[in-house]
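Visitor: Dropping in run_15.csv, with CSV, C-alpha atoms and all ligand atoms.
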```csv
chain,number,residue,atom,x,y,z
A,23,MET,CA,176.8,-78.0,-84.1
A,24,PRO,CA,178.4,-81.0,-85.7
A,25,LEU,CA,176.8,-84.4,-85.3
A,26,ASP,CA,178.7,-86.2,-82.5
A,27,PRO,CA,180.5,-89.1,-84.2
A,28,ASP,CA,181.2,-90.7,-80.8
A,29,SER,CA,177.7,-91.4,-79.9
A,30,PHE,CA,174.7,-93.0,-81.7
A,31,SER,CA,172.4,-90.8,-83.7
A,32,LEU,CA,169.1,-91.8,-85.1
A,33,CYS,CA,168.2,-90.0,-88.4
A,34,ALA,CA,164.7,-89.6,-89.8
A,35,SER,CA,165.4,-90.2,-93.4
A,36,THR,CA,163.3,-88.1,-95.9
A,37,GLY,CA,163.2,-86.0,-99.0
A,38,ASP,CA,160.6,-83.7,-97.4
A,39,LEU,CA,161.8,-81.4,-94.6
A,40,ALA,CA,158.2,-80.7,-93.8
A,41,GLU,CA,158.3,-84.0,-91.9
A,42,GLU,CA,160.6,-82.7,-89.3
A,43,PRO,CA,158.0,-81.8,-86.7
A,44,ALA,CA,156.7,-85.4,-86.9
A,45,ALA,CA,160.3,-86.7,-86.5
A,46,ARG,CA,161.2,-84.6,-83.4
A,47,GLU,CA,159.8,-86.9,-80.8
A,48,HIS,CA,162.0,-89.9,-81.9
A,49,ALA,CA,164.9,-88.7,-84.0
A,50,ASP,CA,168.2,-87.0,-83.2
A,51,CYS,CA,168.6,-85.6,-86.6
A,52,VAL,CA,167.0,-85.6,-90.1
A,53,GLU,CA,168.8,-87.1,-93.0
A,54,PHE,CA,167.7,-84.8,-95.8
A,55,ARG,CA,167.8,-86.9,-99.0
A,56,MET,CA,168.3,-84.0,-101.4
A,57,ASP,CA,168.2,-86.4,-104.3
A,58,LEU,CA,164.6,-87.2,-103.4
A,59,ALA,CA,163.4,-83.6,-103.0
A,60,ASP,CA,161.8,-81.4,-105.7
A,61,ASP,CA,163.7,-78.3,-104.9
A,62,PRO,CA,166.3,-79.1,-102.2
A,63,GLY,CA,167.9,-75.7,-102.2
A,64,ALA,CA,164.7,-73.9,-101.5
A,65,ALA,CA,163.7,-76.5,-98.8
A,66,LEU,CA,167.0,-75.9,-97.0
A,67,ASP,CA,166.7,-72.1,-97.2
A,68,GLY,CA,163.2,-72.4,-95.7
A,69,TYR,CA,164.1,-74.9,-93.0
A,70,ASP,CA,163.3,-73.7,-89.5
A,71,GLY,CA,163.1,-77.0,-87.7
A,72,ASP,CA,164.7,-78.0,-84.4
A,73,LEU,CA,166.6,-81.1,-85.5
A,74,PRO,CA,170.0,-80.8,-87.1
A,75,LEU,CA,170.4,-82.1,-90.7
A,76,LEU,CA,172.6,-84.7,-92.3
A,77,VAL,CA,172.6,-83.9,-96.0
A,78,THR,CA,172.8,-86.6,-98.6
A,79,ASN,CA,172.7,-86.2,-102.4
A,80,ARG,CA,172.9,-89.7,-103.6
A,81,PRO,CA,173.8,-90.4,-107.3
A,82,HIS,CA,172.2,-93.0,-109.4
A,83,TRP,CA,175.3,-95.2,-109.4
A,84,GLU,CA,175.0,-95.6,-105.6
A,85,GLY,CA,171.2,-96.1,-105.4
A,86,GLY,CA,170.0,-92.5,-105.4
A,87,GLU,CA,168.0,-90.3,-107.7
A,88,THR,CA,170.3,-87.3,-108.4
A,89,ALA,CA,171.4,-86.7,-111.9
A,90,PRO,CA,175.2,-86.0,-111.6
A,91,TYR,CA,175.0,-82.4,-112.7
A,92,ALA,CA,176.1,-80.0,-109.9
A,93,ARG,CA,175.5,-82.7,-107.3
A,94,LEU,CA,178.6,-81.7,-105.3
A,95,ASP,CA,177.9,-78.0,-105.7
A,96,ALA,CA,174.5,-78.5,-104.1
A,97,LEU,CA,176.2,-80.3,-101.1
A,98,ALA,CA,178.9,-77.6,-100.9
A,99,THR,CA,176.1,-74.9,-100.6
A,100,ALA,CA,174.2,-77.1,-98.1
A,101,VAL,CA,177.1,-77.3,-95.7
A,102,GLU,CA,177.0,-73.5,-95.3
A,103,HIS,CA,173.6,-73.7,-93.7
A,104,ALA,CA,173.5,-73.3,-89.9
A,105,ALA,CA,171.2,-76.3,-89.5
A,106,VAL,CA,173.5,-78.7,-91.4
A,107,ALA,CA,175.5,-80.8,-88.9
A,108,ALA,CA,176.7,-83.6,-91.2
A,109,VAL,CA,177.2,-84.4,-94.8
A,110,ASP,CA,177.2,-87.8,-96.5
A,111,VAL,CA,179.7,-88.3,-99.3
A,112,GLU,CA,180.2,-91.7,-101.0
A,113,LEU,CA,183.7,-93.2,-100.5
A,114,ALA,CA,183.8,-93.7,-104.2
A,115,THR,CA,183.3,-89.9,-104.7
A,116,LEU,CA,186.0,-89.1,-102.2
A,117,ARG,CA,188.3,-91.4,-104.1
A,118,GLY,CA,187.6,-89.5,-107.3
A,119,ARG,CA,184.9,-91.4,-109.2
A,120,PRO,CA,183.7,-89.0,-111.8
A,121,THR,CA,180.5,-87.5,-110.7
A,122,GLY,CA,179.4,-85.1,-113.5
A,123,THR,CA,180.0,-81.4,-114.0
A,124,ASN,CA,180.6,-79.6,-110.7
A,125,ASP,CA,182.4,-76.4,-109.8
A,126,VAL,CA,183.7,-77.9,-106.6
A,127,ASP,CA,185.6,-81.1,-106.4
A,128,PRO,CA,185.4,-83.6,-103.6
A,129,SER,CA,188.4,-82.2,-101.7
A,130,GLU,CA,186.9,-78.7,-101.8
A,131,LEU,CA,183.6,-80.1,-100.6
A,132,VAL,CA,185.3,-81.7,-97.6
A,133,ALA,CA,187.3,-78.5,-96.9
A,134,ARG,CA,184.0,-76.5,-96.8
A,135,ALA,CA,182.4,-79.1,-94.5
A,136,ARG,CA,185.5,-78.8,-92.2
A,137,ALA,CA,185.4,-75.0,-92.3
A,138,ASN,CA,181.8,-75.1,-91.2
A,139,GLY,CA,182.3,-77.7,-88.5
A,140,VAL,CA,180.2,-80.2,-90.4
A,141,THR,CA,180.7,-83.9,-89.6
A,142,LEU,CA,181.8,-86.0,-92.7
A,143,VAL,CA,180.1,-89.4,-93.2
A,144,ALA,CA,182.0,-91.4,-95.9
A,145,SER,CA,179.5,-94.0,-97.2
A,146,VAL,CA,179.6,-97.3,-99.1
A,147,HIS,CA,176.5,-99.2,-100.3
A,148,ASP,CA,176.1,-102.6,-101.7
A,149,PHE,CA,172.6,-103.2,-103.1
A,150,ASP,CA,173.3,-106.8,-104.1
A,151,ALA,CA,175.0,-108.7,-101.3
A,152,THR,CA,177.2,-108.7,-98.3
A,153,PRO,CA,180.9,-109.0,-99.2
A,154,ALA,CA,183.3,-111.5,-97.6
A,155,PRO,CA,184.6,-110.6,-94.1
A,156,ALA,CA,188.0,-109.4,-95.4
A,157,THR,CA,186.2,-107.0,-97.8
A,158,LEU,CA,183.9,-105.7,-95.1
A,159,ASP,CA,186.9,-105.0,-92.9
A,160,ALA,CA,188.7,-103.2,-95.7
A,161,LEU,CA,185.7,-101.2,-96.7
A,162,LEU,CA,184.9,-100.1,-93.1
A,163,ALA,CA,188.6,-99.2,-92.5
A,164,ALA,CA,188.8,-97.2,-95.7
A,165,ALA,CA,185.4,-95.4,-95.0
A,166,ALA,CA,186.3,-94.6,-91.4
A,167,ALA,CA,189.7,-93.2,-92.5
A,168,ALA,CA,188.1,-91.0,-95.2
A,169,GLY,CA,185.4,-89.5,-92.9
A,170,ASP,CA,184.6,-88.8,-89.3
A,171,VAL,CA,182.3,-91.8,-89.5
A,172,GLY,CA,182.6,-94.6,-92.1
A,173,LYS,CA,179.2,-95.9,-93.1
A,174,LEU,CA,178.6,-99.3,-94.8
A,175,ALA,CA,175.1,-100.4,-96.0
A,176,VAL,CA,175.1,-103.9,-97.5
A,177,THR,CA,172.3,-106.2,-98.6
A,178,ALA,CA,171.8,-109.3,-96.5
A,179,ARG,CA,170.1,-112.2,-98.3
A,180,THR,CA,170.5,-114.7,-95.4
A,181,SER,CA,170.9,-114.5,-91.6
A,182,ALA,CA,174.5,-115.6,-92.1
A,183,GLU,CA,175.2,-112.4,-94.2
A,184,ALA,CA,173.5,-110.3,-91.5
A,185,LEU,CA,175.7,-111.8,-88.9
A,186,ARG,CA,178.8,-111.2,-91.0
A,187,LEU,CA,178.0,-107.5,-91.0
A,188,LEU,CA,177.5,-107.4,-87.3
A,189,SER,CA,180.8,-109.2,-86.8
A,190,ALA,CA,182.6,-106.7,-89.0
A,191,THR,CA,181.0,-103.9,-87.1
A,192,GLN,CA,182.3,-105.3,-83.8
A,193,ARG,CA,185.8,-105.8,-85.2
A,194,ALA,CA,185.9,-102.2,-86.6
A,195,THR,CA,184.7,-100.7,-83.4
A,196,ALA,CA,187.2,-102.8,-81.4
A,197,ARG,CA,190.1,-101.5,-83.5
A,198,GLY,CA,189.0,-98.0,-82.9
A,199,ASP,CA,187.2,-97.1,-86.2
A,200,ARG,CA,184.0,-95.0,-86.0
A,201,VAL,CA,181.5,-96.8,-88.2
A,202,ALA,CA,177.8,-97.0,-89.0
A,203,THR,CA,176.4,-100.2,-90.4
A,204,MET,CA,173.1,-101.6,-91.6
A,205,ALA,CA,172.1,-104.6,-93.7
A,206,MET,CA,169.4,-103.8,-96.2
A,207,GLY,CA,166.6,-106.2,-97.1
A,208,GLU,CA,164.4,-108.4,-94.9
A,209,ALA,CA,167.1,-110.8,-93.7
A,210,GLY,CA,169.1,-107.8,-92.5
A,211,ARG,CA,166.3,-105.8,-90.9
A,212,HIS,CA,167.2,-106.7,-87.3
A,213,THR,CA,170.7,-105.4,-87.8
A,214,ARG,CA,169.3,-101.9,-87.8
A,215,ALA,CA,168.3,-102.4,-84.2
A,216,VAL,CA,171.3,-104.6,-83.2
A,217,ALA,CA,174.3,-103.0,-85.0
A,218,PRO,CA,174.4,-100.1,-82.4
A,219,VAL,CA,175.1,-102.7,-79.7
A,220,TYR,CA,178.3,-103.4,-81.7
A,221,GLY,CA,179.2,-99.8,-82.1
A,222,SER,CA,177.3,-98.5,-85.1
A,223,ARG,CA,176.9,-94.7,-84.8
A,224,LEU,CA,174.1,-94.0,-87.2
A,225,GLY,CA,170.6,-95.4,-87.8
A,226,TYR,CA,168.1,-94.4,-90.5
A,227,ALA,CA,164.4,-94.7,-90.5
A,228,PRO,CA,161.4,-93.1,-92.3
A,229,VAL,CA,158.8,-91.3,-90.2
A,230,ASP,CA,156.2,-93.5,-92.0
A,231,ALA,CA,157.2,-97.1,-93.0
A,232,ALA,CA,155.6,-96.5,-96.4
A,233,ASP,CA,158.2,-93.8,-97.2
A,234,ALA,CA,161.3,-96.0,-96.7
A,235,THR,CA,164.5,-94.8,-98.3
A,236,ALA,CA,166.1,-98.2,-98.3
A,237,PRO,CA,164.8,-101.9,-98.2
A,238,GLY,CA,164.0,-103.3,-94.8
A,239,GLN,CA,163.8,-100.1,-92.8
A,240,TYR,CA,161.7,-100.0,-89.6
A,241,ASP,CA,159.6,-96.9,-89.1
A,242,LEU,CA,161.2,-94.2,-86.9
A,243,ALA,CA,159.2,-94.8,-83.7
A,244,THR,CA,159.9,-98.5,-83.8
A,245,LEU,CA,163.6,-98.2,-84.4
A,246,ARG,CA,164.0,-95.7,-81.6
A,247,ARG,CA,162.2,-98.0,-79.2
A,248,LEU,CA,164.3,-101.1,-80.3
A,249,VAL,CA,167.7,-99.2,-80.2
A,250,ASP,CA,166.9,-97.6,-76.8
A,251,ASP,CA,165.7,-100.9,-75.4
A,252,LEU,CA,168.8,-102.8,-76.4
A,253,ALA,CA,171.1,-100.0,-75.3
A,254,SER,CA,169.7,-100.0,-71.8
A,255,ARG,CA,170.4,-103.7,-71.2
A,301,LIG,O1,173.0,-94.7,-96.6
A,301,LIG,C1,171.9,-94.7,-96.0
A,301,LIG,C2,171.5,-95.8,-95.3
A,301,LIG,C3,170.2,-96.3,-95.9
A,301,LIG,O2,170.6,-96.8,-97.2
A,301,LIG,C4,169.6,-97.4,-95.1
A,301,LIG,O3,169.8,-98.6,-95.5
A,301,LIG,O4,169.0,-97.1,-94.1
A,301,LIG,C5,169.2,-95.2,-96.1
A,301,LIG,C6,169.8,-94.0,-96.8
A,301,LIG,O5,168.8,-92.9,-96.8
A,301,LIG,C7,171.0,-93.5,-96.2
A,301,LIG,O6,171.6,-92.5,-96.9
```
Could you write out this file's structure as structure tokens?
Ligand SMILES: O=C1C[C@@](O)(C(=O)O)C[C@@H](O)[C@@H]1O
Guide:
Amino acid sequence: MPLDPDSFSLCASTGDLAEEPAAREHADCVEFRMDLADDPGAALDGYDGDLPLLVTNRPHWEGGETAPYARLDALATAVEHAAVAAVDVELATLRGRPTGTNDVDPSELVARARANGVTLVASVHDFDATPAPATLDALLAAAAAAGDVGKLAVTARTSAEALRLLSATQRATARGDRVATMAMGEAGRHTRAVAPVYGSRLGYAPVDAADATAPGQYDLATLRRLVDDLASR
């Protein structure tokens, strides 16, 4: 089953698939951060949880832990698994940024995802700041065009920057782009709860706040409660 890009999904973000039972109560899916796992291939082969998986294998140059070697090959194998519903590929990768030695190239990875009915999340991360509005618009439009969902995670240093991201989310949704947004960092924390009100399709949270995969994340139970509460108003 692909992840439905037309509705909001809350992902429990983890490098350890053994956390899935603890995530079931609150999450719609598990973001398996393959780059944070010791043996991601074995973990996927042994996965028998209920929640569908969004697989991510983040390179160093976009805030992850994976050495570039065979990074795309691991994702291409992952999308063949029945439990995998979505795959995250950086927009820069899709645009051809060299990513190390791989047998498959980005277009083949996308083709394999498509052949397996796996939703493609095209992602962009800015770990320093929140770009100007025109840049946010351009990044969201490009990411949404490249994937089924275009995801943009920026860093908000002020409430004005957080608001800028929410505004861009609203504009993207209004023009018909399917996007997912969040502002990392303390000043952006509330955007994780609020961005879905403006159309964001994905949220990320660790089961346990101590295991955050990005700055400013709420724990899973808290983000579920906040998102659901705001959605019902
Ligand atoms: O890209 C994202 C979003 C994220 O960076 C966040 O800020 O919640 C967390 C990552 O695990 C995920 O891949």
Visitor: What's around range 36-49 of chain A at 12 Å? Count only C-alpha atoms, leave out sequence neighbours fewer than 4 positions away in its own chain, and write the answer as a PyMOL selection string.
Guide: chain A and resi 30-32+53-80+86-88+105+224-236+241-250
Visitor: Between A:Thr191, A:Thr99, A:Thr213, A:Thr115, single out the one closest to ligand LIG 301 (chain A), counting all atoms listed in the file.
Guide: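 With all atoms listed in the file as the atom set, the closest residue is A:Thr213.
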Visitor: By how many Å are CA of Met204 in chain A and CA of Arg136 in chain A apart?
Guide: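 According to the coordinates, CA of Met204 in chain A and CA of Arg136 in chain A are separated by 26.0 Å.
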Visitor: So, counting only C-alpha atoms and all ligand atoms, which residue among A:Ala100, A:Ala253, A:Leu113, A:Ala163 is closest to ligand LIG 301 (chain A)?
Guide: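 Under the stated criterion, the closest residue is A:Leu113.
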Visitor: One decimal, in Å: what's the spacing between CA of Ala165 in chain A and CA of Ala104 in chain A?
Guide: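 Straight-line distance from CA of Ala165 in chain A to CA of Ala104 in chain A works out to 25.6 Å.
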Visitor: Give me the residues near His147 in chain A as a PyMOL selection string, where near means some atom within 12 Å (using only C-alpha atoms) and where sequence neighbours in that chain fewer than 2 positions away do not count.
Guide: chain A and resi 80-86+111-114+144-145+149-153+158+161-162+165+172-178+202-206+236
Visitor: Which one of A:Ala215, A:Val140, A:Ala135, A:Leu94 sits closest to ligand LIG 301 (chain A) if you count all atoms listed in the file?
Guide: A:Ala215
Visitor: Using Å and a single decimal, report how far CA of Asp110 in chain A sits from CA of Ser181 in chain A.
Guide: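 Taking CA of Ser181 in chain A as the start and CA of Asp110 in chain A as the end point, the length is 27.9 Å.
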Visitor: Could you check the closest approach to ligand LIG 301 (chain A) for each of A:His103, A:Arg93, A:Arg211, A:Arg193 and tell me which residue wins, using all atoms listed in the file?
Guide: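 Smallest separation from ligand LIG 301 (chain A) among the options: A:Arg211.
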Visitor: Given the choices A:Val201, A:Arg179, A:Ser29, A:Ser35, which gets closest to ligand LIG 301 (chain A) if the distance is worked out from only C-alpha atoms and all ligand atoms?
Guide: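 Of A:Val201, A:Arg179, A:Ser29, A:Ser35, the one nearest ligand LIG 301 (chain A) is A:Ser35, counting only C-alpha atoms and all ligand atoms.
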Visitor: My list of candidates is A:Ala137, A:Val106, A:Val146, A:Val171. Which is closest to ligand LIG 301 (chain A) when distances are computed with only C-alpha atoms and all ligand atoms?
Guide: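 Of all the options, A:Val146 lies closest to ligand LIG 301 (chain A).
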Visitor: Can you fill out range 184-206 of chain A with N, CA and C atoms and hand it back as a JSON list (two decimals), in the frame of the given file?
Guide:
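Final output, out.json:
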```
[["chain", "number", "residue", "atom", "x", "y", "z"],
["A", 184, "ALA", "N", 173.78, -111.30, -92.55],
["A", 184, "ALA", "CA", 173.50, -110.30, -91.50],
["A", 184, "ALA", "C", 174.53, -110.37, -90.40],
["A", 185, "LEU", "N", 174.78, -111.59, -89.97],
["A", 185, "LEU", "CA", 175.70, -111.80, -88.90],
["A", 185, "LEU", "C", 177.14, -111.40, -89.26],
["A", 186, "ARG", "N", 177.46, -111.62, -90.54],
["A", 186, "ARG", "CA", 178.80, -111.20, -91.00],
["A", 186, "ARG", "C", 178.97, -109.70, -90.90],
["A", 187, "LEU", "N", 177.92, -108.96, -91.18],
["A", 187, "LEU", "CA", 178.00, -107.50, -91.00],
["A", 187, "LEU", "C", 178.16, -107.10, -89.58],
["A", 188, "LEU", "N", 177.40, -107.75, -88.71],
["A", 188, "LEU", "CA", 177.50, -107.40, -87.30],
["A", 188, "LEU", "C", 178.91, -107.72, -86.77],
["A", 189, "SER", "N", 179.46, -108.85, -87.20],
["A", 189, "SER", "CA", 180.80, -109.20, -86.80],
["A", 189, "SER", "C", 181.84, -108.17, -87.24],
["A", 190, "ALA", "N", 181.68, -107.74, -88.48],
["A", 190, "ALA", "CA", 182.60, -106.70, -89.00],
["A", 190, "ALA", "C", 182.46, -105.42, -88.26],
["A", 191, "THR", "N", 181.23, -105.11, -87.85],
["A", 191, "THR", "CA", 181.00, -103.90, -87.10],
["A", 191, "THR", "C", 181.72, -103.97, -85.74],
["A", 192, "GLN", "N", 181.61, -105.13, -85.11],
["A", 192, "GLN", "CA", 182.30, -105.30, -83.80],
["A", 192, "GLN", "C", 183.80, -105.20, -83.98],
["A", 193, "ARG", "N", 184.35, -105.81, -85.04],
["A", 193, "ARG", "CA", 185.80, -105.80, -85.20],
["A", 193, "ARG", "C", 186.26, -104.32, -85.50],
["A", 194, "ALA", "N", 185.50, -103.60, -86.32],
["A", 194, "ALA", "CA", 185.90, -102.20, -86.60],
["A", 194, "ALA", "C", 185.86, -101.36, -85.39],
["A", 195, "THR", "N", 184.82, -101.52, -84.58],
["A", 195, "THR", "CA", 184.70, -100.70, -83.40],
["A", 195, "THR", "C", 185.85, -101.08, -82.41],
["A", 196, "ALA", "N", 186.17, -102.38, -82.32],
["A", 196, "ALA", "CA", 187.20, -102.80, -81.40],
["A", 196, "ALA", "C", 188.60, -102.26, -81.83],
["A", 197, "ARG", "N", 188.80, -102.06, -83.14],
["A", 197, "ARG", "CA", 190.10, -101.50, -83.50],
["A", 197, "ARG", "C", 190.11, -99.98, -83.52],
["A", 198, "GLY", "N", 188.99, -99.39, -83.10],
["A", 198, "GLY", "CA", 189.00, -98.00, -82.90],
["A", 198, "GLY", "C", 188.37, -97.15, -84.05],
["A", 199, "ASP", "N", 187.79, -97.83, -85.05],
["A", 199, "ASP", "CA", 187.20, -97.10, -86.20],
["A", 199, "ASP", "C", 185.76, -96.70, -85.81],
["A", 200, "ARG", "N", 185.40, -95.48, -86.19],
["A", 200, "ARG", "CA", 184.00, -95.00, -86.00],
["A", 200, "ARG", "C", 183.22, -95.38, -87.22],
["A", 201, "VAL", "N", 182.29, -96.28, -87.05],
["A", 201, "VAL", "CA", 181.50, -96.80, -88.20],
["A", 201, "VAL", "C", 180.04, -96.74, -87.95],
["A", 202, "ALA", "N", 179.30, -96.82, -89.05],
["A", 202, "ALA", "CA", 177.80, -97.00, -89.00],
["A", 202, "ALA", "C", 177.50, -98.07, -89.99],
["A", 203, "THR", "N", 176.71, -99.03, -89.56],
["A", 203, "THR", "CA", 176.40, -100.20, -90.40],
["A", 203, "THR", "C", 174.94, -100.52, -90.39],
["A", 204, "MET", "N", 174.49, -101.09, -91.48],
["A", 204, "MET", "CA", 173.10, -101.60, -91.60],
["A", 204, "MET", "C", 173.08, -102.59, -92.73],
["A", 205, "ALA", "N", 172.30, -103.68, -92.56],
["A", 205, "ALA", "CA", 172.10, -104.60, -93.70],
["A", 205, "ALA", "C", 170.70, -104.33, -94.23],
["A", 206, "MET", "N", 170.64, -104.00, -95.50],
["A", 206, "MET", "CA", 169.40, -103.80, -96.20],
["A", 206, "MET", "C", 168.69, -105.09, -96.47]]
```
